[in-house]
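Pasting input11.cif here (mmCIF, C-alpha atoms and all ligand atoms):
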data_my_file
loop_
_atom_site.label_atom_id
_atom_site.label_comp_id
_atom_site.auth_asym_id
_atom_site.auth_seq_id
_atom_site.Cartn_x
_atom_site.Cartn_y
_atom_site.Cartn_z
CA MET A 1 13.98 -94.78 17.29
CA PRO A 2 16.93 -96.10 19.31
CA ILE A 3 16.55 -97.02 22.98
CA ILE A 4 19.48 -95.87 25.11
CA ASP A 5 20.49 -96.25 28.77
CA SER A 6 20.28 -93.25 31.09
CA ALA A 7 22.61 -92.89 34.07
CA ASP A 8 20.32 -94.61 36.59
CA GLY A 9 20.06 -97.63 34.30
CA SER A 10 16.53 -96.85 33.08
CA HIS A 11 15.96 -96.56 29.37
CA THR A 12 15.07 -93.55 27.32
CA ILE A 13 14.40 -93.07 23.61
CA LEU A 14 16.29 -90.84 21.24
CA SER A 15 13.89 -88.91 19.01
CA GLU A 16 15.20 -88.97 15.47
CA VAL A 17 12.90 -86.10 14.50
CA TYR A 18 14.05 -83.70 17.22
CA GLY A 19 17.53 -85.11 17.97
CA VAL A 20 16.89 -85.20 21.73
CA THR A 21 16.07 -87.87 24.30
CA TYR A 22 12.62 -88.33 25.84
CA HIS A 23 14.06 -87.98 29.36
CA SER A 24 17.15 -86.75 31.15
CA ARG A 25 20.26 -88.73 30.27
CA HIS A 26 21.17 -88.37 33.95
CA GLY A 27 18.33 -90.77 34.81
CA ALA A 28 14.89 -91.16 33.26
CA ILE A 29 13.16 -92.73 36.26
CA THR A 30 15.03 -90.41 38.63
CA GLU A 31 13.82 -87.36 36.67
CA THR A 32 10.19 -88.50 36.61
CA ALA A 33 10.24 -89.38 40.32
CA HIS A 34 11.54 -85.94 41.22
CA VAL A 35 9.93 -83.50 38.77
CA PHE A 36 6.51 -85.03 38.26
CA ILE A 37 5.78 -87.46 41.11
CA GLN A 38 7.41 -85.57 43.97
CA MET A 39 7.08 -81.91 42.94
CA GLY A 40 3.77 -82.39 41.12
CA LEU A 41 1.65 -85.16 42.64
CA HIS A 42 2.93 -85.12 46.22
CA TRP A 43 2.68 -81.33 46.28
CA LYS A 44 -1.00 -81.43 45.29
CA ALA A 45 -1.71 -84.45 47.52
CA GLN A 46 -1.02 -82.28 50.56
CA GLU A 47 -4.51 -80.86 50.06
CA LYS A 48 -6.51 -83.54 48.20
CA ASN A 49 -6.27 -87.20 47.28
CA GLU A 50 -8.28 -87.12 44.06
CA ILE A 51 -6.07 -85.39 41.51
CA SER A 52 -6.61 -84.56 37.85
CA VAL A 53 -3.50 -84.40 35.69
CA LEU A 54 -2.94 -83.08 32.18
CA GLU A 55 0.28 -84.28 30.61
CA VAL A 56 1.86 -82.68 27.57
CA GLY A 57 3.62 -85.52 25.80
CA LEU A 58 2.69 -89.11 26.75
CA GLY A 59 5.91 -90.36 25.11
CA THR A 60 7.04 -93.67 26.56
CA GLY A 61 4.28 -93.60 29.18
CA LEU A 62 6.84 -93.50 32.00
CA ASN A 63 5.22 -90.55 33.79
CA ALA A 64 1.79 -92.16 33.44
CA PHE A 65 2.99 -95.57 34.64
CA MET A 66 4.83 -94.15 37.66
CA SER A 67 1.79 -91.99 38.50
CA MET A 68 -0.39 -95.11 38.49
CA LEU A 69 1.99 -96.99 40.78
CA GLU A 70 2.25 -94.04 43.16
CA ALA A 71 -1.54 -93.56 43.23
CA GLU A 72 -1.92 -97.18 44.32
CA ARG A 73 0.79 -96.89 46.97
CA GLN A 74 -0.62 -93.68 48.41
CA GLY A 75 -4.32 -94.48 48.04
CA TRP A 76 -4.95 -91.55 45.67
CA VAL A 77 -7.31 -91.45 42.70
CA ILE A 78 -5.73 -89.89 39.61
CA HIS A 79 -7.58 -88.84 36.47
CA TYR A 80 -4.75 -88.65 33.96
CA GLN A 81 -5.15 -87.17 30.50
CA SER A 82 -2.15 -87.13 28.20
CA LEU A 83 -1.66 -85.47 24.83
CA GLU A 84 0.45 -86.98 22.08
CA THR A 85 1.05 -86.52 18.37
CA HIS A 86 3.61 -89.21 17.52
CA PRO A 87 2.86 -92.28 19.65
CA VAL A 88 5.60 -94.68 20.60
CA THR A 89 4.88 -98.08 19.04
CA VAL A 90 3.86 -101.05 21.16
CA GLU A 91 7.07 -102.81 20.04
CA GLN A 92 9.15 -99.92 21.32
CA ALA A 93 7.25 -99.80 24.61
CA ALA A 94 7.86 -103.53 25.05
CA GLY A 95 11.61 -102.91 24.78
CA LEU A 96 11.69 -100.43 27.69
CA ASN A 97 12.92 -101.68 31.07
CA TYR A 98 10.62 -99.57 33.29
CA PRO A 99 8.57 -102.34 34.95
CA ASP A 100 11.79 -104.17 35.92
CA MET A 101 13.62 -101.02 37.03
CA LEU A 102 10.63 -100.00 39.15
CA GLN A 103 10.62 -103.44 40.83
CA THR A 104 7.22 -104.21 39.33
CA PRO A 105 8.03 -106.86 36.68
CA GLU A 106 4.54 -108.32 37.22
CA ARG A 107 3.07 -105.06 35.84
CA ALA A 108 4.89 -105.29 32.49
CA SER A 109 1.78 -106.31 30.57
CA GLU A 110 -0.12 -103.33 32.02
CA PHE A 111 2.64 -100.99 30.91
CA ILE A 112 2.40 -102.32 27.38
CA GLN A 113 -1.39 -102.26 27.54
CA MET A 114 -1.25 -98.51 28.20
CA HIS A 115 0.16 -98.13 24.71
CA GLN A 116 -2.58 -100.28 23.16
CA LEU A 117 -5.52 -98.44 24.67
CA GLU A 118 -7.94 -96.79 22.32
CA TRP A 119 -7.33 -93.06 21.97
CA ASN A 120 -9.63 -90.23 22.98
CA ARG A 121 -11.67 -91.92 25.68
CA PRO A 122 -11.06 -92.60 29.37
CA HIS A 123 -10.03 -96.07 30.57
CA LYS A 124 -10.34 -97.08 34.21
CA LEU A 125 -7.14 -99.08 34.72
CA SER A 126 -7.68 -99.56 38.45
CA GLU A 127 -9.60 -98.09 41.38
CA HIS A 128 -6.79 -95.54 41.55
CA PHE A 129 -6.04 -94.59 37.98
CA ILE A 130 -8.09 -93.47 34.99
CA LEU A 131 -6.11 -92.84 31.80
CA GLU A 132 -7.29 -90.89 28.78
CA LYS A 133 -4.85 -90.62 25.89
CA THR A 134 -5.63 -87.75 23.54
CA LEU A 135 -4.20 -87.90 20.05
CA LEU A 136 -3.96 -84.19 19.37
CA PRO A 137 -1.29 -81.50 19.21
CA LEU A 138 -1.24 -79.24 22.24
CA GLN A 139 -1.74 -76.30 19.88
CA ASP A 140 -5.16 -77.66 18.81
CA PHE A 141 -6.24 -78.90 22.23
CA GLN A 142 -9.18 -77.01 23.70
CA PRO A 143 -9.54 -78.04 27.35
CA GLU A 144 -13.08 -79.01 28.30
CA ARG A 145 -12.33 -79.27 32.00
CA THR A 146 -9.76 -78.02 34.48
CA TYR A 147 -6.83 -79.82 36.09
CA ASP A 148 -4.99 -79.85 39.41
CA VAL A 149 -1.56 -80.47 37.94
CA ILE A 150 -0.05 -80.08 34.47
CA PHE A 151 2.98 -82.21 33.65
CA PHE A 152 4.64 -80.04 31.03
CA ASP A 153 6.99 -82.60 29.47
CA ALA A 154 7.51 -81.28 25.95
CA PHE A 155 10.87 -81.57 24.23
CA ALA A 156 13.19 -78.74 25.26
CA PRO A 157 12.68 -75.20 23.90
CA GLN A 158 15.73 -75.44 21.61
CA ALA A 159 14.39 -78.68 20.10
CA GLN A 160 10.72 -77.74 19.73
CA PRO A 161 10.24 -73.99 20.29
CA GLU A 162 6.61 -73.96 19.16
CA MET A 163 5.66 -75.85 22.35
CA TRP A 164 6.96 -73.01 24.52
CA GLU A 165 5.18 -69.98 23.04
CA GLU A 166 3.40 -67.60 25.35
CA SER A 167 -0.02 -68.38 23.85
CA ILE A 168 0.42 -72.01 25.00
CA PHE A 169 0.89 -70.91 28.60
CA GLU A 170 -2.09 -68.56 28.42
CA LYS A 171 -4.18 -71.57 27.42
CA LEU A 172 -2.68 -73.78 30.13
CA ALA A 173 -3.24 -71.11 32.80
CA LYS A 174 -6.97 -71.25 32.02
CA ALA A 175 -6.87 -75.05 32.13
CA LEU A 176 -5.75 -75.13 35.78
CA LYS A 177 -8.08 -75.20 38.75
CA PRO A 178 -7.51 -72.43 41.30
CA GLY A 179 -4.41 -73.45 43.27
CA GLY A 180 -3.36 -75.82 40.50
CA GLY A 181 0.22 -76.00 39.28
CA LEU A 182 2.35 -76.78 36.25
CA VAL A 183 5.62 -78.68 36.75
CA THR A 184 8.44 -79.09 34.28
CA TYR A 185 12.13 -79.93 34.19
CA CYS A 186 12.85 -76.66 32.37
CA ALA A 187 14.09 -73.62 34.31
CA GLN A 188 15.10 -71.26 31.50
CA GLY A 189 14.68 -67.55 32.19
CA GLU A 190 12.73 -66.69 29.05
CA PHE A 191 10.34 -69.59 29.64
CA ARG A 192 9.71 -68.41 33.19
CA ARG A 193 9.05 -64.85 32.01
CA ARG A 194 6.48 -66.19 29.55
CA LEU A 195 4.78 -68.10 32.34
CA ARG A 196 4.54 -64.95 34.44
CA ARG A 197 3.17 -62.91 31.55
CA ALA A 198 0.55 -65.64 31.09
CA GLY A 199 -0.57 -65.15 34.70
CA PHE A 200 1.44 -67.77 36.59
CA THR A 201 3.46 -67.31 39.75
CA THR A 202 6.72 -69.20 39.30
CA GLU A 203 8.80 -71.09 41.81
CA ARG A 204 12.36 -72.30 41.38
CA LEU A 205 12.88 -75.72 42.90
CA PRO A 206 15.95 -77.95 43.05
CA GLY A 207 16.20 -79.97 39.87
CA PRO A 208 16.84 -83.68 39.37
CA PRO A 209 20.44 -84.90 38.94
CA GLY A 210 22.19 -82.98 36.18
CA LYS A 211 19.93 -79.90 36.51
CA ARG A 212 20.35 -77.26 39.14
CA GLU A 213 16.72 -76.12 39.00
CA MET A 214 13.26 -77.01 37.75
CA THR A 215 10.06 -74.97 37.65
CA ARG A 216 6.70 -75.16 39.33
CA ALA A 217 4.23 -72.49 38.32
CA PHE A 218 0.83 -71.98 39.84
CA ILE A 219 -2.29 -69.93 39.51
C1 LIG B 301 9.91 -85.34 26.28
S1 LIG B 301 8.82 -86.38 25.41
C2 LIG B 301 7.65 -86.88 26.65
C3 LIG B 301 8.12 -87.96 27.60
C4 LIG B 301 6.98 -88.62 28.35
N1 LIG B 301 6.28 -87.73 29.24
C5 LIG B 301 7.37 -89.90 29.03
O1 LIG B 301 6.97 -90.13 30.20
O2 LIG B 301 8.04 -90.72 28.38
C6 LIG B 301 7.83 -85.21 24.47
C7 LIG B 301 6.63 -85.83 23.80
O3 LIG B 301 5.83 -84.78 23.24
C8 LIG B 301 5.25 -85.27 22.05
N2 LIG B 301 4.81 -84.13 21.22
C9 LIG B 301 5.50 -83.54 20.21
N3 LIG B 301 4.79 -82.53 19.69
C10 LIG B 301 3.63 -82.47 20.40
C11 LIG B 301 2.47 -81.63 20.34
N4 LIG B 301 2.40 -80.66 19.43
N5 LIG B 301 1.47 -81.86 21.20
C12 LIG B 301 1.55 -82.86 22.13
N6 LIG B 301 2.63 -83.68 22.24
C13 LIG B 301 3.65 -83.49 21.38
C14 LIG B 301 6.37 -86.08 21.44
O4 LIG B 301 5.91 -86.97 20.45
C15 LIG B 301 6.96 -86.76 22.66
O5 LIG B 301 6.34 -88.00 22.89
#
As structure tokens, how would this structure be written, given the file I've shared?
Ligand SMILES: C[S@@+](CC[C@H](N)C(=O)[O-])C[C@H]1O[C@@H](n2cnc3c(N)ncnc32)[C@H](O)[C@@H]1O
Amino acid sequence: MPIIDSADGSHTILSEVYGVTYHSRHGAITETAHVFIQMGLHWKAQEKNEISVLEVGLGTGLNAFMSMLEAERQGWVIHYQSLETHPVTVEQAAGLNYPDMLQTPERASEFIQMHQLEWNRPHKLSEHFILEKTLLPLQDFQPERTYDVIFFDAFAPQAQPEMWEESIFEKLAKALKPGGGLVTYCAQGEFRRRLRRAGFTTERLPGPPGKREMTRAFI
């Protein structure tokens, strides 16, 4: 799959299966920093500093890597579980410029190591970050615990509509701890109605560059 530059200079990947990029073309790192780190982790960190995250779509590992760096900076402990069906190869991960763009070139081997970790068991990568990669489609995933924050980072509804069905959000609502929240770059009306029917309260928040709004939904 081709690697392309997004507007902030950070890479993204073009999915040949779905015909869409893994991140916003207006800036991959900028999108992750805003939607997931700021509106997800920092929001939850107002009340606790040990945070459990469920991510839908590990992809390039950018969200996971930036979460690890932020946990270290802020002194948080993050338990991060991420679902994936079509893993990015180690060779592809090695071609991504995230460690350099994030001013952490010395962490490049850790970024690549994330992609080499054995699936389906937790790995303590530091005092601040435990990563569990789960090789399973979201549709088959039966949560065994509950989470503080869900990073809903599936491909867009037009590209992969089966990820955005109401039954998915009913399942994810049950997977959140009380007061937990789901964050995503998507702000489409029909998506937000499905969230509400599944029991969420939805919030419109300013989006990252190139998107007027994003969504946070909580229980
Ligand atoms: C928008 S990309 C995720 C980007 C990623 N969060 C990152 O930081 O690079 C969507 C991801 O969802 C994965 N995916 C596709 N179908 C899935 C499914 N049924 N369950 C879980 N993940 C799926 C894709 O392979 C892809 O890696």
Build an axis-aligned box that encloses every atom of segment 79-85 of chain A listed in the file, pad it by 8 Å on each side, and report its centre and edge lengths in Å to one decimal, as AutoDock Vina command-line options.
--center_x -3.3 --center_y -87.2 --center_z 27.4 --size_x 24.6 --size_y 19.4 --size_z 34.1
Counting all atoms listed in the file, which residues of chain A sit at most 6 Å from some atom of ligand LIG 301 (chain B), and what is each one's closest atom pair with its distance in Å to one decimal, listed by chain and rising residue number, as a tab-separated table?
residue	atom	partner	partner_atom	distance
A:Tyr22	CA	B:LIG301	C1	4.1
A:His23	CA	B:LIG301	C1	5.8
A:Val56	CA	B:LIG301	C12	5.5
A:Gly57	CA	B:LIG301	O3	3.5
A:Leu58	CA	B:LIG301	N1	4.6
A:Gly59	CA	B:LIG301	O5	3.3
A:Thr60	CA	B:LIG301	O2	3.6
A:Gly61	CA	B:LIG301	O1	4.5
A:Leu62	CA	B:LIG301	O1	3.8
A:Asn63	CA	B:LIG301	O1	4.0
A:Leu83	CA	B:LIG301	C12	4.9
A:Glu84	CA	B:LIG301	N6	4.0
A:Thr85	CA	B:LIG301	C13	5.0
A:His86	CA	B:LIG301	O4	4.3
A:Pro137	CA	B:LIG301	N5	3.4
A:Leu138	CA	B:LIG301	N5	3.9
A:Asp153	CA	B:LIG301	C1	5.1
A:Ala154	CA	B:LIG301	C6	4.2
A:Phe155	CA	B:LIG301	C1	4.4
Inset, instruction - Do a neighbour search on Asp8 of chain A at 12 Å with all atoms listed in the file, toss out local chain neighbours closer than 3 positions, and write the hits as JSON, numbers by chain. - result: {"A": [4, 5, 11, 12, 23, 24, 25, 26, 27, 28, 29, 30, 31, 32, 33, 97, 98, 101, 102, 208, 209, 210]}
Inset, instruction - One decimal, Å: what's the distance from atom CA of Gly95 of chain A over to atom CA of Gln38 of chain A, could you say? - result: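 Computed distance, atom CA of Gly95 of chain A to atom CA of Gln38 of chain A, equals 26.2 Å.
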Inset, instruction - Can you pull out every residue within 12 Å of segment 120-128 of chain A, counting only C-alpha atoms, but drop anything in the same chain fewer than 6 positions away, and send it as a ChimeraX atom specification? - result: /A:49-52,64-65,67-84,107,110-111,113-114,134-136,141
Legend entry - Neighbour list for Pro206 of chain A as a list in words, cut-off 12 Å, all atoms listed in the file, skip fewer than 3 positions in-chain: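 Here the answer would be Glu31, His34, Val35, Gln38, Met39, Thr184, Tyr185, Cys186, Ala187, Glu203, Pro209, Gly210, Lys211, Arg212, Glu213, Met214, Thr215 and Arg216 of chain A.
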Inset, instruction - Tell me which of A:Ile130, A:Met163, A:Leu182, A:Ala173 sits closest to Trp43 of chain A, counting only C-alpha atoms. - result: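 Of the candidates, the smallest distance to Trp43 of chain A is held by A:Leu182.
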Legend entry - Between atom CA of Val53 of chain A and atom CA of Glu91 of chain A, distance in Å (one decimal):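 Going from atom CA of Val53 of chain A over to atom CA of Glu91 of chain A covers 26.4 Å.
Atom pair atom CA of Glu166 of chain A / atom CA of Glu144 of chain A has a distance of 20.3 Å (rounded to one decimal).
Every protein or nucleic acid residue with an atom no more than 12 Å from Arg194 of chain A, counting all atoms listed in the file and leaving out same-chain residues fewer than 4 positions away, appears here: Trp164, Glu165, Glu166, Ser167, Ile168, Phe169, Glu170, Leu172, Ala173, Ala187, Gln188, Gly189, Glu190, Ala198, Gly199, Phe200, Thr201, Thr202 and Ala217 of chain A.
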Give me segment 9-129 of chain A from this structure - C-alpha atoms, as a PDB file, in the first residue's frame.
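The resulting file, selection-v7.pdb, is reproduced below:
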ATOM      1  CA  GLY A   9       4.271  16.508   6.610  1.00  0.00           C
ATOM      2  CA  SER A  10       3.432  13.291   8.475  1.00  0.00           C
ATOM      3  CA  HIS A  11       2.816  10.173   6.446  1.00  0.00           C
ATOM      4  CA  THR A  12      -0.353   8.236   5.947  1.00  0.00           C
ATOM      5  CA  ILE A  13      -1.146   5.066   4.009  1.00  0.00           C
ATOM      6  CA  LEU A  14      -3.605   4.700   1.183  1.00  0.00           C
ATOM      7  CA  SER A  15      -5.700   1.559   1.621  1.00  0.00           C
ATOM      8  CA  GLU A  16      -5.968  -0.191  -1.713  1.00  0.00           C
ATOM      9  CA  VAL A  17      -8.885  -2.280  -0.457  1.00  0.00           C
ATOM     10  CA  TYR A  18     -11.048   0.647   0.659  1.00  0.00           C
ATOM     11  CA  GLY A  19      -9.620   3.442  -1.519  1.00  0.00           C
ATOM     12  CA  VAL A  20      -9.183   5.801   1.449  1.00  0.00           C
ATOM     13  CA  THR A  21      -6.292   6.997   3.588  1.00  0.00           C
ATOM     14  CA  TYR A  22      -5.653   5.807   7.139  1.00  0.00           C
ATOM     15  CA  HIS A  23      -5.701   9.398   8.440  1.00  0.00           C
ATOM     16  CA  SER A  24      -6.805  12.863   7.417  1.00  0.00           C
ATOM     17  CA  ARG A  25      -4.952  14.176   4.385  1.00  0.00           C
ATOM     18  CA  HIS A  26      -4.994  17.530   6.185  1.00  0.00           C
ATOM     19  CA  GLY A  27      -2.493  16.135   8.700  1.00  0.00           C
ATOM     20  CA  ALA A  28      -2.199  12.661  10.199  1.00  0.00           C
ATOM     21  CA  ILE A  29      -0.350  13.634  13.370  1.00  0.00           C
ATOM     22  CA  THR A  30      -2.475  16.774  13.721  1.00  0.00           C
ATOM     23  CA  GLU A  31      -5.664  14.693  13.527  1.00  0.00           C
ATOM     24  CA  THR A  32      -4.492  12.152  16.108  1.00  0.00           C
ATOM     25  CA  ALA A  33      -3.287  14.880  18.474  1.00  0.00           C
ATOM     26  CA  HIS A  34      -6.651  16.624  18.342  1.00  0.00           C
ATOM     27  CA  VAL A  35      -9.276  13.873  18.079  1.00  0.00           C
ATOM     28  CA  PHE A  36      -7.759  11.117  20.174  1.00  0.00           C
ATOM     29  CA  ILE A  37      -5.081  12.596  22.444  1.00  0.00           C
ATOM     30  CA  GLN A  38      -6.725  15.914  23.271  1.00  0.00           C
ATOM     31  CA  MET A  39     -10.457  15.149  23.077  1.00  0.00           C
ATOM     32  CA  GLY A  40     -10.099  11.560  24.296  1.00  0.00           C
ATOM     33  CA  LEU A  41      -7.184  11.107  26.695  1.00  0.00           C
ATOM     34  CA  HIS A  42      -6.916  14.619  28.126  1.00  0.00           C
ATOM     35  CA  TRP A  43     -10.682  14.712  28.615  1.00  0.00           C
ATOM     36  CA  LYS A  44     -10.628  11.514  30.682  1.00  0.00           C
ATOM     37  CA  ALA A  45      -7.418  12.516  32.486  1.00  0.00           C
ATOM     38  CA  GLN A  46      -9.312  15.353  34.145  1.00  0.00           C
ATOM     39  CA  GLU A  47     -10.729  12.733  36.504  1.00  0.00           C
ATOM     40  CA  LYS A  48      -8.202   9.859  36.565  1.00  0.00           C
ATOM     41  CA  ASN A  49      -4.641   9.126  35.525  1.00  0.00           C
ATOM     42  CA  GLU A  50      -4.987   5.396  34.887  1.00  0.00           C
ATOM     43  CA  ILE A  51      -6.958   5.090  31.664  1.00  0.00           C
ATOM     44  CA  SER A  52      -8.111   2.068  29.687  1.00  0.00           C
ATOM     45  CA  VAL A  53      -8.501   2.551  25.954  1.00  0.00           C
ATOM     46  CA  LEU A  54     -10.129   0.399  23.287  1.00  0.00           C
ATOM     47  CA  GLU A  55      -9.114   1.326  19.765  1.00  0.00           C
ATOM     48  CA  VAL A  56     -10.991   0.220  16.682  1.00  0.00           C
ATOM     49  CA  GLY A  57      -8.340  -0.081  14.004  1.00  0.00           C
ATOM     50  CA  LEU A  58      -4.673  -0.211  15.074  1.00  0.00           C
ATOM     51  CA  GLY A  59      -3.616   0.658  11.504  1.00  0.00           C
ATOM     52  CA  THR A  60      -0.203   2.294  11.407  1.00  0.00           C
ATOM     53  CA  GLY A  61      -0.001   2.396  15.205  1.00  0.00           C
ATOM     54  CA  LEU A  62       0.111   6.208  15.184  1.00  0.00           C
ATOM     55  CA  ASN A  63      -2.641   6.616  17.781  1.00  0.00           C
ATOM     56  CA  ALA A  64      -1.030   3.969  19.986  1.00  0.00           C
ATOM     57  CA  PHE A  65       2.458   5.471  19.663  1.00  0.00           C
ATOM     58  CA  MET A  66       1.285   9.015  20.402  1.00  0.00           C
ATOM     59  CA  SER A  67      -0.746   7.735  23.366  1.00  0.00           C
ATOM     60  CA  MET A  68       2.377   6.085  24.763  1.00  0.00           C
ATOM     61  CA  LEU A  69       4.431   9.269  24.392  1.00  0.00           C
ATOM     62  CA  GLU A  70       1.699  11.373  25.992  1.00  0.00           C
ATOM     63  CA  ALA A  71       1.275   8.920  28.888  1.00  0.00           C
ATOM     64  CA  GLU A  72       4.976   9.264  29.644  1.00  0.00           C
ATOM     65  CA  ARG A  73       4.900  13.060  29.414  1.00  0.00           C
ATOM     66  CA  GLN A  74       1.844  13.360  31.639  1.00  0.00           C
ATOM     67  CA  GLY A  75       2.653  10.569  34.084  1.00  0.00           C
ATOM     68  CA  TRP A  76      -0.469   8.567  33.179  1.00  0.00           C
ATOM     69  CA  VAL A  77      -0.802   4.794  32.961  1.00  0.00           C
ATOM     70  CA  ILE A  78      -2.650   3.651  29.840  1.00  0.00           C
ATOM     71  CA  HIS A  79      -3.952   0.144  29.197  1.00  0.00           C
ATOM     72  CA  TYR A  80      -4.403   0.187  25.436  1.00  0.00           C
ATOM     73  CA  GLN A  81      -6.181  -2.558  23.535  1.00  0.00           C
ATOM     74  CA  SER A  82      -6.456  -2.253  19.779  1.00  0.00           C
ATOM     75  CA  LEU A  83      -8.419  -4.328  17.284  1.00  0.00           C
ATOM     76  CA  GLU A  84      -7.185  -5.038  13.782  1.00  0.00           C
ATOM     77  CA  THR A  85      -7.975  -7.368  10.899  1.00  0.00           C
ATOM     78  CA  HIS A  86      -5.409  -6.437   8.240  1.00  0.00           C
ATOM     79  CA  PRO A  87      -2.151  -5.544  10.012  1.00  0.00           C
ATOM     80  CA  VAL A  88       0.287  -3.145   8.439  1.00  0.00           C
ATOM     81  CA  THR A  89       3.543  -4.978   7.707  1.00  0.00           C
ATOM     82  CA  VAL A  90       6.707  -4.265   9.673  1.00  0.00           C
ATOM     83  CA  GLU A  91       8.319  -3.053   6.421  1.00  0.00           C
ATOM     84  CA  GLN A  92       5.527  -0.539   5.918  1.00  0.00           C
ATOM     85  CA  ALA A  93       5.724   0.636   9.527  1.00  0.00           C
ATOM     86  CA  ALA A  94       9.470   1.152   9.119  1.00  0.00           C
ATOM     87  CA  GLY A  95       8.792   3.503   6.192  1.00  0.00           C
ATOM     88  CA  LEU A  96       6.574   5.848   8.241  1.00  0.00           C
ATOM     89  CA  ASN A  97       8.102   9.107   9.491  1.00  0.00           C
ATOM     90  CA  TYR A  98       6.231   9.331  12.819  1.00  0.00           C
ATOM     91  CA  PRO A  99       9.160   9.034  15.259  1.00  0.00           C
ATOM     92  CA  ASP A 100      11.027  11.799  13.388  1.00  0.00           C
ATOM     93  CA  MET A 101       7.972  14.030  12.981  1.00  0.00           C
ATOM     94  CA  LEU A 102       7.183  13.660  16.687  1.00  0.00           C
ATOM     95  CA  GLN A 103      10.756  14.695  17.574  1.00  0.00           C
ATOM     96  CA  THR A 104      11.432  11.269  19.044  1.00  0.00           C
ATOM     97  CA  PRO A 105      13.822   9.693  16.505  1.00  0.00           C
ATOM     98  CA  GLU A 106      15.368   7.673  19.355  1.00  0.00           C
ATOM     99  CA  ARG A 107      12.015   5.860  19.753  1.00  0.00           C
ATOM    100  CA  ALA A 108      11.927   4.580  16.151  1.00  0.00           C
ATOM    101  CA  SER A 109      12.804   1.019  17.118  1.00  0.00           C
ATOM    102  CA  GLU A 110       9.990   0.998  19.703  1.00  0.00           C
ATOM    103  CA  PHE A 111       7.531   2.155  17.071  1.00  0.00           C
ATOM    104  CA  ILE A 112       8.540  -0.702  14.804  1.00  0.00           C
ATOM    105  CA  GLN A 113       8.537  -3.113  17.733  1.00  0.00           C
ATOM    106  CA  MET A 114       4.862  -2.314  18.324  1.00  0.00           C
ATOM    107  CA  HIS A 115       4.156  -3.933  14.981  1.00  0.00           C
ATOM    108  CA  GLN A 116       6.195  -7.038  15.843  1.00  0.00           C
ATOM    109  CA  LEU A 117       4.530  -7.781  19.164  1.00  0.00           C
ATOM    110  CA  GLU A 118       2.708 -11.045  19.505  1.00  0.00           C
ATOM    111  CA  TRP A 119      -1.044 -10.681  19.080  1.00  0.00           C
ATOM    112  CA  ASN A 120      -3.742 -11.306  21.651  1.00  0.00           C
ATOM    113  CA  ARG A 121      -1.803 -10.773  24.848  1.00  0.00           C
ATOM    114  CA  PRO A 122      -0.804  -7.658  26.803  1.00  0.00           C
ATOM    115  CA  HIS A 123       2.754  -6.283  26.598  1.00  0.00           C
ATOM    116  CA  LYS A 124       4.085  -3.856  29.183  1.00  0.00           C
ATOM    117  CA  LEU A 125       6.081  -1.451  27.004  1.00  0.00           C
ATOM    118  CA  SER A 126       6.895   0.924  29.860  1.00  0.00           C
ATOM    119  CA  GLU A 127       5.713   1.898  33.336  1.00  0.00           C
ATOM    120  CA  HIS A 128       3.159   4.049  31.532  1.00  0.00           C
ATOM    121  CA  PHE A 129       1.890   1.955  28.662  1.00  0.00           C
TER     122      PHE A 129
END
